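Containing mmCIF, C-alpha atoms: query.cif.
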```cif
data_entry
#
loop_
_atom_site.label_atom_id
_atom_site.label_comp_id
_atom_site.auth_asym_id
_atom_site.auth_seq_id
_atom_site.Cartn_x
_atom_site.Cartn_y
_atom_site.Cartn_z
CA MET H 500 30.15 -12.98 7.16
CA THR H 501 26.58 -13.83 8.19
CA GLU H 502 27.20 -13.20 11.88
CA GLU H 503 29.16 -10.04 11.13
CA LEU H 504 26.18 -8.67 9.22
CA ARG H 505 23.74 -9.66 11.95
CA THR H 506 25.89 -7.94 14.57
CA ALA H 507 26.23 -4.86 12.36
CA VAL H 508 22.46 -4.56 11.86
CA ARG H 509 21.78 -4.97 15.57
CA GLY H 510 24.30 -2.27 16.38
CA LEU H 511 22.61 0.08 13.91
CA MET H 512 19.13 -0.12 15.44
CA PRO H 513 19.61 3.01 17.61
CA ARG H 514 20.50 4.83 14.37
CA ALA H 515 17.39 3.36 12.75
CA LEU H 516 15.29 4.80 15.58
CA GLU H 517 16.87 8.23 15.06
CA ASP H 518 16.30 8.08 11.32
CA LEU H 519 12.69 7.00 11.63
CA SER H 520 12.06 9.69 14.24
CA ALA H 521 13.37 12.33 11.83
CA LEU H 522 11.28 11.01 8.92
CA VAL H 523 8.04 10.60 10.87
CA ALA H 524 8.32 14.21 12.07
CA MET H 525 7.95 15.35 8.45
CA LYS H 526 4.25 15.65 7.57
CA SER H 527 4.82 14.36 4.04
CA VAL H 528 1.22 13.97 2.91
CA ALA H 529 1.28 14.55 -0.85
CA ASP H 530 -1.83 16.73 -0.86
CA ALA H 531 -1.34 20.49 -0.75
CA ARG H 532 -4.94 20.89 0.41
CA GLN H 533 -3.98 19.23 3.70
CA TYR H 534 -0.29 19.92 4.35
CA PRO H 535 2.28 22.34 2.91
CA PRO H 536 4.26 20.92 -0.06
CA GLU H 537 7.40 21.92 1.82
CA GLU H 538 6.87 18.91 4.10
CA CYS H 539 7.21 16.49 1.16
CA ALA H 540 10.13 18.49 -0.20
CA ALA H 541 11.93 18.18 3.14
CA ALA H 542 11.34 14.42 3.22
CA ALA H 543 12.60 14.05 -0.35
CA HIS H 544 15.74 16.03 0.51
CA TRP H 545 16.32 13.92 3.64
CA VAL H 546 16.01 10.67 1.67
CA LEU H 547 18.28 11.95 -1.11
CA GLU H 548 21.05 12.96 1.27
CA ALA H 549 20.76 9.76 3.32
CA PHE H 550 21.27 7.56 0.27
CA ARG H 551 23.95 9.83 -1.14
CA ASP H 552 25.86 9.13 2.07
CA GLN H 553 25.57 5.40 1.27
CA GLY H 554 27.39 5.68 -2.03
CA PHE H 555 24.60 6.79 -4.36
CA ALA H 556 26.60 9.67 -5.81
CA ASP H 557 24.45 9.75 -8.95
CA ILE H 558 21.15 10.64 -7.28
CA GLU H 559 18.49 13.28 -7.93
CA ALA H 560 14.96 14.32 -7.07
CA ILE H 561 12.95 14.21 -10.30
CA GLU H 562 9.66 16.06 -10.56
CA THR H 563 6.99 13.72 -11.92
CA SER H 564 3.77 14.38 -13.82
CA ASP H 565 1.72 14.80 -10.64
CA GLY H 566 4.15 17.33 -9.17
CA SER H 567 5.72 14.96 -6.66
CA ALA H 568 9.46 14.33 -6.45
CA ALA H 569 10.81 10.83 -7.03
CA VAL H 570 14.26 10.31 -5.55
CA VAL H 571 16.21 8.12 -7.98
CA GLY H 572 19.86 7.18 -7.59
CA ARG H 573 22.44 4.68 -8.74
CA ARG H 574 25.41 3.04 -7.08
CA PRO H 575 27.72 1.03 -9.34
CA GLY H 576 28.78 -2.50 -8.48
CA PRO H 577 31.38 -4.86 -9.94
CA ALA H 578 31.82 -5.00 -13.71
CA GLY H 579 29.34 -7.37 -15.29
CA ALA H 580 27.16 -7.50 -12.19
CA ARG H 581 23.38 -7.60 -12.27
CA THR H 582 21.24 -4.70 -11.08
CA VAL H 583 18.97 -4.61 -8.04
CA LEU H 584 16.36 -1.86 -7.67
CA LEU H 585 15.32 -0.97 -4.11
CA TYR H 586 11.93 0.74 -3.89
CA CYS H 587 10.17 2.58 -1.06
CA HIS H 588 8.04 5.71 -0.69
CA TYR H 589 8.41 8.63 1.68
CA ASP H 590 4.89 10.09 1.45
CA VAL H 591 2.27 9.02 3.98
CA GLN H 592 -1.46 8.88 4.52
CA PRO H 593 -3.00 11.80 6.44
CA PRO H 594 -3.33 10.97 10.15
CA GLY H 595 -7.12 11.28 10.28
CA ASN H 596 -8.67 12.11 13.65
CA GLU H 597 -5.65 12.80 15.85
CA GLU H 598 -7.79 12.32 18.98
CA LEU H 599 -7.86 8.59 18.18
CA TRP H 600 -4.07 8.35 18.43
CA GLY H 601 -2.44 7.31 21.67
CA SER H 602 0.48 9.65 20.92
CA PRO H 603 1.07 12.48 18.43
CA PRO H 604 1.01 10.99 14.90
CA PHE H 605 4.06 12.93 13.71
CA ALA H 606 6.23 12.21 16.74
CA LEU H 607 7.69 8.68 16.78
CA THR H 608 6.80 7.24 20.19
CA GLU H 609 7.84 3.92 21.72
CA ARG H 610 5.09 2.06 23.56
CA ASP H 611 5.16 -1.57 24.67
CA GLY H 612 8.06 -2.38 22.38
CA ARG H 613 6.55 -0.88 19.21
CA TRP H 614 7.30 2.44 17.50
CA TYR H 615 4.17 4.54 16.81
CA GLY H 616 3.76 7.29 14.24
CA ARG H 617 2.30 7.99 10.81
CA GLY H 618 4.52 6.28 8.27
CA ALA H 619 6.35 4.23 10.89
CA SER H 620 5.62 1.14 8.81
CA ASP H 621 4.02 2.49 5.59
CA CYS H 622 6.49 3.28 4.28
CA LYS H 623 9.15 5.24 6.14
CA GLY H 624 10.03 2.13 8.10
CA ASN H 625 11.03 0.56 4.79
CA VAL H 626 13.13 3.59 3.86
CA VAL H 627 15.02 3.04 7.11
CA MET H 628 15.20 -0.70 6.47
CA HIS H 629 17.01 -0.10 3.15
CA LEU H 630 19.40 2.37 4.79
CA THR H 631 20.14 0.00 7.68
CA ALA H 632 20.91 -2.86 5.28
CA LEU H 633 23.35 -0.69 3.31
CA ARG H 634 24.99 0.66 6.47
CA ALA H 635 25.39 -2.87 7.82
CA LEU H 636 27.17 -3.95 4.66
CA ALA H 637 29.55 -1.02 5.02
CA ALA H 638 30.11 -1.67 8.72
CA ALA H 639 30.93 -5.31 8.00
CA GLY H 640 33.25 -4.38 5.16
CA VAL H 641 31.10 -6.16 2.56
CA ASP H 642 30.45 -4.71 -0.88
CA PRO H 643 27.16 -5.50 -2.63
CA ARG H 644 27.67 -7.88 -5.53
CA ALA H 645 25.24 -5.93 -7.73
CA HIS H 646 24.69 -2.51 -9.20
CA LEU H 647 22.10 -0.75 -7.03
CA THR H 648 19.27 1.63 -7.90
CA ILE H 649 17.22 3.37 -5.22
CA VAL H 650 13.75 4.68 -6.00
CA ALA H 651 11.80 6.58 -3.33
CA GLU H 652 8.36 7.67 -4.49
CA GLY H 653 6.68 10.85 -3.28
CA SER H 654 2.98 10.32 -4.02
CA GLU H 655 2.24 6.61 -3.65
CA GLU H 656 -0.52 7.13 -1.11
CA MET H 657 -2.36 9.58 -3.35
CA GLY H 658 -2.40 7.15 -6.30
CA THR H 659 -1.90 9.98 -8.79
CA GLY H 660 0.47 8.00 -11.00
CA GLY H 661 3.49 10.30 -11.17
CA LEU H 662 6.08 7.55 -10.77
CA GLU H 663 4.30 5.18 -13.16
CA ASP H 664 4.45 7.94 -15.79
CA LEU H 665 8.15 8.42 -15.12
CA VAL H 666 8.76 4.69 -15.61
CA ARG H 667 7.18 4.95 -19.06
CA GLU H 668 8.91 8.24 -19.93
CA ARG H 669 12.42 7.32 -18.71
CA PRO H 670 12.61 3.53 -18.42
CA GLU H 671 16.40 3.58 -18.42
CA LEU H 672 16.30 4.91 -14.85
CA PHE H 673 14.52 1.79 -13.61
CA ALA H 674 16.07 -1.06 -15.63
CA ALA H 675 16.97 -3.91 -13.26
CA ASP H 676 17.29 -7.67 -13.04
CA MET H 677 15.78 -7.88 -9.54
CA ILE H 678 13.30 -5.38 -8.12
CA LEU H 679 12.63 -5.33 -4.37
CA ILE H 680 9.42 -3.45 -3.63
CA ALA H 681 9.56 -2.67 0.09
CA ASP H 682 5.94 -1.72 0.70
CA THR H 683 4.28 -4.89 2.01
CA GLY H 684 5.17 -7.18 4.88
CA ASN H 685 4.83 -10.43 6.77
CA THR H 686 1.67 -12.30 7.63
CA GLU H 687 2.64 -11.84 11.28
CA VAL H 688 5.66 -10.64 13.25
CA GLY H 689 8.57 -13.02 12.76
CA GLU H 690 7.02 -14.91 9.82
CA PRO H 691 9.06 -14.12 6.67
CA THR H 692 6.72 -13.56 3.75
CA ILE H 693 7.06 -12.57 0.12
CA THR H 694 3.96 -11.03 -1.41
CA THR H 695 3.30 -12.49 -4.85
CA SER H 696 -0.15 -11.13 -5.65
CA LEU H 697 -1.80 -7.71 -5.49
CA ARG H 698 -5.33 -6.71 -6.26
CA GLY H 699 -5.92 -3.85 -8.66
CA ILE H 700 -8.25 -0.92 -8.11
CA ALA H 701 -11.19 0.57 -9.99
CA ASN H 702 -12.91 3.39 -8.08
CA VAL H 703 -15.99 5.39 -9.06
CA VAL H 704 -18.13 8.13 -7.57
CA VAL H 705 -21.90 7.78 -8.06
CA HIS H 706 -24.28 10.75 -7.88
CA VAL H 707 -28.06 10.36 -7.54
CA SER H 708 -30.53 13.23 -8.13
CA THR H 709 -34.29 13.13 -7.67
CA LEU H 710 -35.65 16.63 -6.96
CA GLU H 711 -34.95 20.25 -7.83
CA GLY H 712 -34.34 20.98 -4.17
CA GLU H 713 -35.19 19.99 -0.59
CA ILE H 714 -38.88 19.70 0.24
CA HIS H 715 -40.80 19.14 3.48
CA SER H 716 -40.94 15.45 4.42
CA GLY H 717 -44.35 15.85 6.04
CA VAL H 718 -45.98 17.59 3.10
CA PHE H 719 -44.39 15.57 0.30
CA GLY H 720 -43.07 12.39 2.00
CA GLY H 721 -44.29 9.18 0.36
CA PRO H 722 -44.55 9.80 -3.37
CA ALA H 723 -41.61 12.21 -3.56
CA PRO H 724 -38.45 10.21 -4.38
CA ASP H 725 -35.72 10.54 -1.77
CA ALA H 726 -32.16 10.54 -3.21
CA ILE H 727 -30.69 8.88 -0.11
CA THR H 728 -33.20 6.03 -0.28
CA ALA H 729 -32.49 5.59 -3.98
CA LEU H 730 -28.74 5.54 -3.31
CA VAL H 731 -29.16 3.00 -0.48
CA HIS H 732 -31.21 0.82 -2.81
CA ILE H 733 -28.47 0.95 -5.46
CA LEU H 734 -25.68 0.22 -2.99
CA SER H 735 -27.58 -2.71 -1.50
CA THR H 736 -27.29 -4.57 -4.82
CA LEU H 737 -23.48 -4.65 -4.65
CA HIS H 738 -23.37 -7.48 -2.06
CA ASP H 739 -25.43 -10.59 -1.46
CA GLY H 740 -26.75 -11.73 1.91
CA ALA H 741 -23.45 -13.39 2.81
CA GLY H 742 -21.46 -10.25 2.00
CA ASN H 743 -19.95 -11.41 -1.30
CA THR H 744 -19.32 -8.67 -3.86
CA THR H 745 -21.93 -9.10 -6.58
CA VAL H 746 -21.17 -6.71 -9.42
CA GLU H 747 -22.97 -8.06 -12.48
CA GLY H 748 -20.47 -9.78 -14.79
CA LEU H 749 -17.61 -9.85 -12.25
CA THR H 750 -16.39 -13.28 -11.11
CA ASN H 751 -16.34 -13.73 -7.33
CA ASP H 752 -15.47 -17.41 -6.74
CA GLN H 753 -11.68 -17.44 -7.25
CA GLU H 754 -9.48 -19.68 -5.06
CA TRP H 755 -6.16 -19.00 -3.30
CA ALA H 756 -3.28 -21.51 -3.37
CA GLY H 757 -0.74 -19.80 -1.06
CA VAL H 758 -0.55 -19.54 2.70
CA SER H 759 -3.82 -19.53 4.61
CA TYR H 760 -5.16 -16.75 6.84
CA ASP H 761 -6.73 -18.07 10.03
CA ASP H 762 -10.22 -16.73 10.75
CA ASP H 763 -9.48 -15.92 14.39
CA GLN H 764 -6.21 -14.23 13.47
CA PHE H 765 -8.00 -12.13 10.87
CA ARG H 766 -10.69 -11.13 13.39
CA SER H 767 -7.97 -9.99 15.77
CA ASP H 768 -5.93 -8.22 13.07
CA ALA H 769 -8.99 -6.40 11.71
CA GLY H 770 -10.50 -5.61 15.13
CA VAL H 771 -13.82 -7.30 14.35
CA LEU H 772 -16.22 -6.84 17.27
CA ASP H 773 -17.43 -9.82 19.31
CA GLY H 774 -20.47 -11.49 17.76
CA VAL H 775 -20.00 -9.84 14.35
CA GLN H 776 -19.64 -12.38 11.56
CA LEU H 777 -17.01 -12.29 8.83
CA THR H 778 -18.49 -11.66 5.42
CA GLY H 779 -18.14 -13.65 2.22
CA SER H 780 -18.55 -17.34 1.51
CA GLY H 781 -14.90 -18.21 0.82
CA SER H 782 -11.88 -18.47 3.09
CA VAL H 783 -10.31 -15.30 4.45
CA ALA H 784 -7.32 -15.71 2.11
CA GLU H 785 -9.63 -16.02 -0.88
CA GLN H 786 -11.64 -13.01 0.17
CA VAL H 787 -8.69 -10.64 0.72
CA TRP H 788 -6.21 -11.86 -1.88
CA ALA H 789 -8.03 -13.60 -4.73
CA ARG H 790 -11.53 -12.15 -5.09
CA PRO H 791 -13.03 -8.76 -5.88
CA ALA H 792 -14.10 -6.60 -2.95
CA LEU H 793 -16.39 -3.56 -3.08
CA THR H 794 -16.12 -1.04 -0.23
CA ILE H 795 -18.22 2.08 0.23
CA LEU H 796 -15.59 4.68 1.14
CA GLY H 797 -17.87 7.60 1.77
CA ILE H 798 -21.37 9.00 1.35
CA ASP H 799 -22.39 12.62 0.86
CA CYS H 800 -25.76 13.35 2.47
CA PRO H 801 -27.02 15.47 5.36
CA PRO H 802 -25.36 14.57 8.69
CA VAL H 803 -27.51 13.34 11.57
CA VAL H 804 -26.74 16.36 13.73
CA GLY H 805 -28.40 19.34 12.12
CA SER H 806 -30.54 17.35 9.69
CA ALA H 807 -33.95 18.82 8.88
CA ALA H 808 -37.32 17.21 8.27
CA ALA H 809 -36.74 17.40 4.54
CA ILE H 810 -36.49 15.01 1.60
CA THR H 811 -32.95 15.01 0.22
CA PRO H 812 -32.70 15.84 -3.51
CA ARG H 813 -29.13 14.67 -4.10
CA ALA H 814 -26.79 12.06 -2.61
CA SER H 815 -23.42 10.63 -3.63
CA ALA H 816 -21.10 7.77 -2.72
CA ARG H 817 -17.46 6.95 -3.46
CA LEU H 818 -16.90 3.27 -4.16
CA ASN H 819 -13.65 1.34 -3.96
CA LEU H 820 -13.50 -1.83 -6.08
CA ARG H 821 -10.48 -4.10 -5.60
CA VAL H 822 -9.93 -6.68 -8.34
CA PRO H 823 -7.61 -9.73 -8.32
CA PRO H 824 -4.99 -10.78 -10.89
CA GLY H 825 -6.65 -11.92 -14.09
CA THR H 826 -9.22 -9.12 -13.99
CA ASP H 827 -8.89 -6.04 -16.20
CA PRO H 828 -9.54 -3.03 -13.92
CA ALA H 829 -10.91 -0.91 -16.77
CA GLN H 830 -13.39 -3.64 -17.65
CA ALA H 831 -14.28 -4.07 -13.98
CA GLN H 832 -14.89 -0.33 -13.70
CA LYS H 833 -17.22 -0.48 -16.72
CA LEU H 834 -19.07 -3.45 -15.23
CA LEU H 835 -19.50 -1.55 -11.97
CA THR H 836 -20.72 1.54 -13.82
CA ASP H 837 -23.23 -0.49 -15.84
CA HIS H 838 -24.40 -2.27 -12.68
CA LEU H 839 -25.03 0.99 -10.83
CA ARG H 840 -27.00 2.46 -13.69
CA ALA H 841 -29.08 -0.69 -14.10
CA ALA H 842 -29.83 -0.78 -10.36
CA ALA H 843 -31.12 2.80 -10.19
CA PRO H 844 -34.82 2.74 -9.22
CA TRP H 845 -37.75 4.99 -10.15
CA GLY H 846 -36.03 6.62 -13.10
CA VAL H 847 -33.77 8.67 -10.82
CA HIS H 848 -31.00 10.62 -12.48
CA ILE H 849 -27.67 8.90 -11.96
CA GLU H 850 -24.15 9.94 -12.89
CA VAL H 851 -21.15 7.64 -12.44
CA VAL H 852 -17.74 9.33 -12.53
CA PRO H 853 -14.76 7.01 -12.97
CA GLU H 854 -11.54 7.60 -11.06
CA SER H 855 -8.10 6.31 -12.10
CA THR H 856 -7.57 2.55 -12.22
CA GLY H 857 -4.64 0.41 -11.07
CA SER H 858 -3.78 -2.98 -12.47
CA PRO H 859 -3.53 -6.12 -10.34
CA PHE H 860 -0.18 -7.87 -10.17
CA SER H 861 1.08 -11.43 -9.92
CA SER H 862 4.74 -12.42 -9.85
CA SER H 863 6.63 -15.54 -10.83
CA THR H 864 8.61 -17.17 -8.02
CA GLU H 865 10.87 -19.42 -10.09
CA GLY H 866 13.88 -17.18 -10.78
CA THR H 867 17.38 -17.08 -9.33
CA GLY H 868 16.69 -13.83 -7.51
CA PHE H 869 13.64 -15.28 -5.74
CA ALA H 870 15.63 -18.32 -4.68
CA GLN H 871 18.39 -16.19 -3.19
CA LEU H 872 15.90 -13.84 -1.53
CA LYS H 873 14.09 -16.79 0.04
CA SER H 874 17.42 -18.12 1.32
CA ALA H 875 18.35 -14.74 2.81
CA LEU H 876 14.97 -14.37 4.52
CA THR H 877 15.16 -17.91 5.91
CA ASP H 878 18.64 -17.24 7.31
CA ALA H 879 17.54 -13.95 8.86
CA TYR H 880 14.34 -15.22 10.47
CA GLY H 881 15.23 -18.87 11.06
CA ARG H 882 11.91 -19.86 9.45
CA GLU H 883 10.72 -21.00 6.05
CA VAL H 884 9.38 -18.28 3.78
CA GLY H 885 5.67 -18.15 2.92
CA PHE H 886 4.01 -16.67 -0.15
CA ALA H 887 0.99 -14.45 0.42
CA GLY H 888 -1.23 -12.07 -1.45
CA GLN H 889 -2.19 -8.55 -0.51
CA GLY H 890 -5.58 -6.99 -0.93
CA GLY H 891 -4.14 -3.55 -1.56
CA SER H 892 -2.84 -2.13 -4.82
CA ILE H 893 0.61 -0.95 -5.94
CA PRO H 894 0.12 0.17 -9.57
CA LEU H 895 3.88 0.69 -9.94
CA CYS H 896 4.41 -3.10 -9.96
CA SER H 897 2.37 -3.50 -13.12
CA ALA H 898 4.14 -0.55 -14.76
CA LEU H 899 7.54 -2.09 -13.98
CA ALA H 900 6.44 -5.55 -15.15
CA GLU H 901 5.21 -4.04 -18.41
CA GLN H 902 8.47 -2.21 -19.05
CA PHE H 903 10.78 -4.99 -17.84
CA PRO H 904 9.10 -8.35 -18.49
CA ASP H 905 12.30 -10.30 -17.74
CA ALA H 906 12.89 -8.68 -14.35
CA GLU H 907 12.07 -10.52 -11.14
CA ILE H 908 9.81 -8.47 -8.86
CA ALA H 909 9.47 -9.36 -5.18
CA LEU H 910 7.42 -7.53 -2.56
CA ILE H 911 8.66 -7.47 1.02
CA GLY H 912 8.57 -5.03 3.90
CA VAL H 913 8.23 -4.24 7.57
CA GLU H 914 4.44 -4.10 7.65
CA GLU H 915 2.36 -6.80 9.37
CA PRO H 916 -1.25 -6.88 10.57
CA GLN H 917 -0.58 -5.17 13.92
CA CYS H 918 0.85 -2.11 12.15
CA ARG H 919 -2.57 -0.54 11.51
CA ILE H 920 -1.40 1.18 8.35
CA HIS H 921 -3.68 3.99 7.12
CA ALA H 922 -5.37 4.04 10.56
CA PRO H 923 -4.82 5.82 13.87
CA ASP H 924 -1.94 4.43 15.94
CA GLU H 925 0.09 3.15 13.00
CA SER H 926 3.21 1.44 14.33
CA VAL H 927 6.10 -0.84 13.47
CA ASP H 928 7.73 -3.66 15.39
CA PRO H 929 11.46 -2.75 15.36
CA SER H 930 12.35 -6.43 15.10
CA GLU H 931 10.86 -6.38 11.60
CA ILE H 932 13.15 -3.52 10.56
CA GLU H 933 16.09 -5.43 12.04
CA ASN H 934 15.30 -8.79 10.45
CA LEU H 935 14.38 -7.35 7.05
CA ALA H 936 17.52 -5.19 6.98
CA PHE H 937 19.61 -8.26 7.83
CA ALA H 938 17.89 -10.30 5.12
CA GLU H 939 18.37 -7.57 2.53
CA ALA H 940 22.03 -7.17 3.47
CA LEU H 941 22.51 -10.93 3.06
CA PHE H 942 20.77 -10.87 -0.30
CA LEU H 943 22.85 -7.97 -1.61
CA SER H 944 26.05 -9.71 -0.48
CA ARG H 945 25.11 -12.85 -2.44
CA TYR H 946 23.18 -11.80 -5.56
#
```
Would you encode the structure as structure tokens?
Amino acid sequence: MTEELRTAVRGLMPRALEDLSALVAMKSVADARQYPPEECAAAAHWVLEAFRDQGFADIEAIETSDGSAAVVGRRPGPAGARTVLLYCHYDVQPPGNEELWGSPPFALTERDGRWYGRGASDCKGNVVMHLTALRALAAAGVDPRAHLTIVAEGSEEMGTGGLEDLVRERPELFAADMILIADTGNTEVGEPTITTSLRGIANVVVHVSTLEGEIHSGVFGGPAPDAITALVHILSTLHDGAGNTTVEGLTNDQEWAGVSYDDDQFRSDAGVLDGVQLTGSGSVAEQVWARPALTILGIDCPPVVGSAAAITPRASARLNLRVPPGTDPAQAQKLLTDHLRAAAPWGVHIEVVPESTGSPFSSSTEGTGFAQLKSALTDAYGREVGFAGQGGSIPLCSALAEQFPDAEIALIGVEEPQCRIHAPDESVDPSEIENLAFAEALFLSRY
């Protein structure tokens, strides 16, 4: 049966390319300010019909609290079987500056063996991976040994919490023994990896005000407090000289016990320029998977081009704080808020506006489902499986763990460092779709 499934998956890769091309062409950014809602609606309809064709007769698009549509469906298995939930999301990040792309972001394009397009890996490639696994089982004449639930989210990239609310409102839709979250990936192409740790998120926006309005820098410069300078002073206190995040009261010396992340590999994956040092005093794995990280996402102030010889009265910054398992994101957000206020110089007026938080996540790896998933991944890739963390956040994992404490939750997916998710020239290595689909088909035939 193993070779039949491998052959079936390989034969389905042209179909996978067609499917991903169709999905990438839909500009399903879940933000009506940027793209028409009809684009997300079309993607939701496409996903619903594709999984209906794979036996999910009981399937619907459910409007969630943030207005997005979650596609949720069920496919019954043998009597007494356990339930596996397959997760993915069909919404994508906006493409950003399209001039930085080597090909149109919403037209899947093959270059040097990779498939380029927004959502090719995050996460439409995982939608296609699930479909390819199910089609391979059908082609090989193998029925899954479990009841199946498909969940395709429509606003994951916006972080607006619609699906998490639905989990709490209608938990019966999501009840499962094994949950496969297909929204992460391997540490490198061909290295099977299960993600076991996610950092949470606690963002804020800080506003600094110093003057009633702009004033001439020549006439008043010196004693007149400049809002940009005050903001820079505040932001400079959030890291030490080595680049460690130093929010007062927040621990920043955690260790990581899983797979390592080579410094040179990280430099290559992140595109660090020659001669520029990595920041932080711990290992790369500790820095990205086990410790808090503060990133300045944006600053509002006059642009260089067009700026006047004037002292700026107001300036703002949006801050992204990632927190590891064991840290309460609400408490971390409060610590960050208190730190910013305490760091404000010269009595400047400061306002800190909290954004929504997301909890960190850590999974157990001792269950039957994990053992069978590891076996399937090993058989598909011909390599031992590694456990890794991920610096990003998937708040849904914590919501599912809270509702279903006995369920096993594993994070896998077609992403790997070369994919450049959320950046120009996002891509996927088709071998990852093939190998992951084969592994998932094996798992579903055994679990």
_Please enumerate the residues selected by the PyMOL selection byres ((chain H and resi 910) around 10) when evaluated against the supplied file, formatted as a list in words._
Tyr586, Ile678, Leu679, Ile680, Ala681, Asp682, Thr683, Gly684, Thr692, Ile693, Thr694, Thr695, Ser696, Leu697, Ser862, Ala887, Gly888, Gln889, Cys896, Ile908, Ala909, Ile911 and Gly912 of chain H
Convert the current residue selection to file output with C-alpha atoms, as a PDB file, keeping the file's coordinate frame.
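Written file, result_27.pdb:
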```
ATOM      1  CA  TYR H 586      11.930   0.740  -3.890  1.00  0.00           C
ATOM      2  CA  ILE H 678      13.300  -5.380  -8.120  1.00  0.00           C
ATOM      3  CA  LEU H 679      12.630  -5.330  -4.370  1.00  0.00           C
ATOM      4  CA  ILE H 680       9.420  -3.450  -3.630  1.00  0.00           C
ATOM      5  CA  ALA H 681       9.560  -2.670   0.090  1.00  0.00           C
ATOM      6  CA  ASP H 682       5.940  -1.720   0.700  1.00  0.00           C
ATOM      7  CA  THR H 683       4.280  -4.890   2.010  1.00  0.00           C
ATOM      8  CA  GLY H 684       5.170  -7.180   4.880  1.00  0.00           C
ATOM      9  CA  THR H 692       6.720 -13.560   3.750  1.00  0.00           C
ATOM     10  CA  ILE H 693       7.060 -12.570   0.120  1.00  0.00           C
ATOM     11  CA  THR H 694       3.960 -11.030  -1.410  1.00  0.00           C
ATOM     12  CA  THR H 695       3.300 -12.490  -4.850  1.00  0.00           C
ATOM     13  CA  SER H 696      -0.150 -11.130  -5.650  1.00  0.00           C
ATOM     14  CA  LEU H 697      -1.800  -7.710  -5.490  1.00  0.00           C
ATOM     15  CA  SER H 862       4.740 -12.420  -9.850  1.00  0.00           C
ATOM     16  CA  ALA H 887       0.990 -14.450   0.420  1.00  0.00           C
ATOM     17  CA  GLY H 888      -1.230 -12.070  -1.450  1.00  0.00           C
ATOM     18  CA  GLN H 889      -2.190  -8.550  -0.510  1.00  0.00           C
ATOM     19  CA  CYS H 896       4.410  -3.100  -9.960  1.00  0.00           C
ATOM     20  CA  ILE H 908       9.810  -8.470  -8.860  1.00  0.00           C
ATOM     21  CA  ALA H 909       9.470  -9.360  -5.180  1.00  0.00           C
ATOM     22  CA  ILE H 911       8.660  -7.470   1.020  1.00  0.00           C
ATOM     23  CA  GLY H 912       8.570  -5.030   3.900  1.00  0.00           C
TER      24      GLY H 912
END
```
*Apply the PyMOL selection byres ((chain H and resi 919) around 12) to the structure shown and report the selected residues as a ChimeraX atom specification.*
/H:592,594,600,613-621,767-770,914-918,920-928
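Among the candidates H:Pro801, H:Pro670, H:Gly866, H:Pro828, the one nearest to Val571 in chain H when counting only C-alpha atoms is H:Pro670.
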*Check what the PyMOL selection byres ((chain H and resi 500) around 10) selects in the file above and give those residues as a ChimeraX atom specification.*
/H:501-506,636,639-641,941,944
*Rank nothing, just name the residue among H:Ser759, H:Ser863, H:Asn702, H:Thr877 nearest to Ala831 in chain H, using only C-alpha atoms.*
H:Asn702
*asked:* If I take CA of Ala540 in chain H and CA of Ala524 in chain H, how far is one from the other in Å, to one decimal?
replied: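 So the two atoms, CA of Ala540 in chain H and CA of Ala524 in chain H, lie 13.1 Å apart.
Note that CA of Ser654 in chain H and CA of Ala531 in chain H are 11.5 Å apart.
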*Minimum-distance residue to Pro603 in chain H, chosen among H:Val523, H:Leu511, H:Leu547, H:Val847 (using only C-alpha atoms)*: H:Val523
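Non-sequential neighbours of range 709-720 of chain H (distance at most 8 Å, separation of 5 or more positions within a chain, all atoms listed in the file) are Asp725, Ala726, Ala808, Ala809, Ile810, Thr811, Pro812, Arg813, Val847 and His848 of chain H.
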For C-alpha atoms, I'd like the residues from the last selection saved as a PDB file, in the frame of the given file.
```pdb
ATOM      1  CA  ASP H 725     -35.720  10.540  -1.770  1.00  0.00           C
ATOM      2  CA  ALA H 726     -32.160  10.540  -3.210  1.00  0.00           C
ATOM      3  CA  ALA H 808     -37.320  17.210   8.270  1.00  0.00           C
ATOM      4  CA  ALA H 809     -36.740  17.400   4.540  1.00  0.00           C
ATOM      5  CA  ILE H 810     -36.490  15.010   1.600  1.00  0.00           C
ATOM      6  CA  THR H 811     -32.950  15.010   0.220  1.00  0.00           C
ATOM      7  CA  PRO H 812     -32.700  15.840  -3.510  1.00  0.00           C
ATOM      8  CA  ARG H 813     -29.130  14.670  -4.100  1.00  0.00           C
ATOM      9  CA  VAL H 847     -33.770   8.670 -10.820  1.00  0.00           C
ATOM     10  CA  HIS H 848     -31.000  10.620 -12.480  1.00  0.00           C
TER      11      HIS H 848
END
```
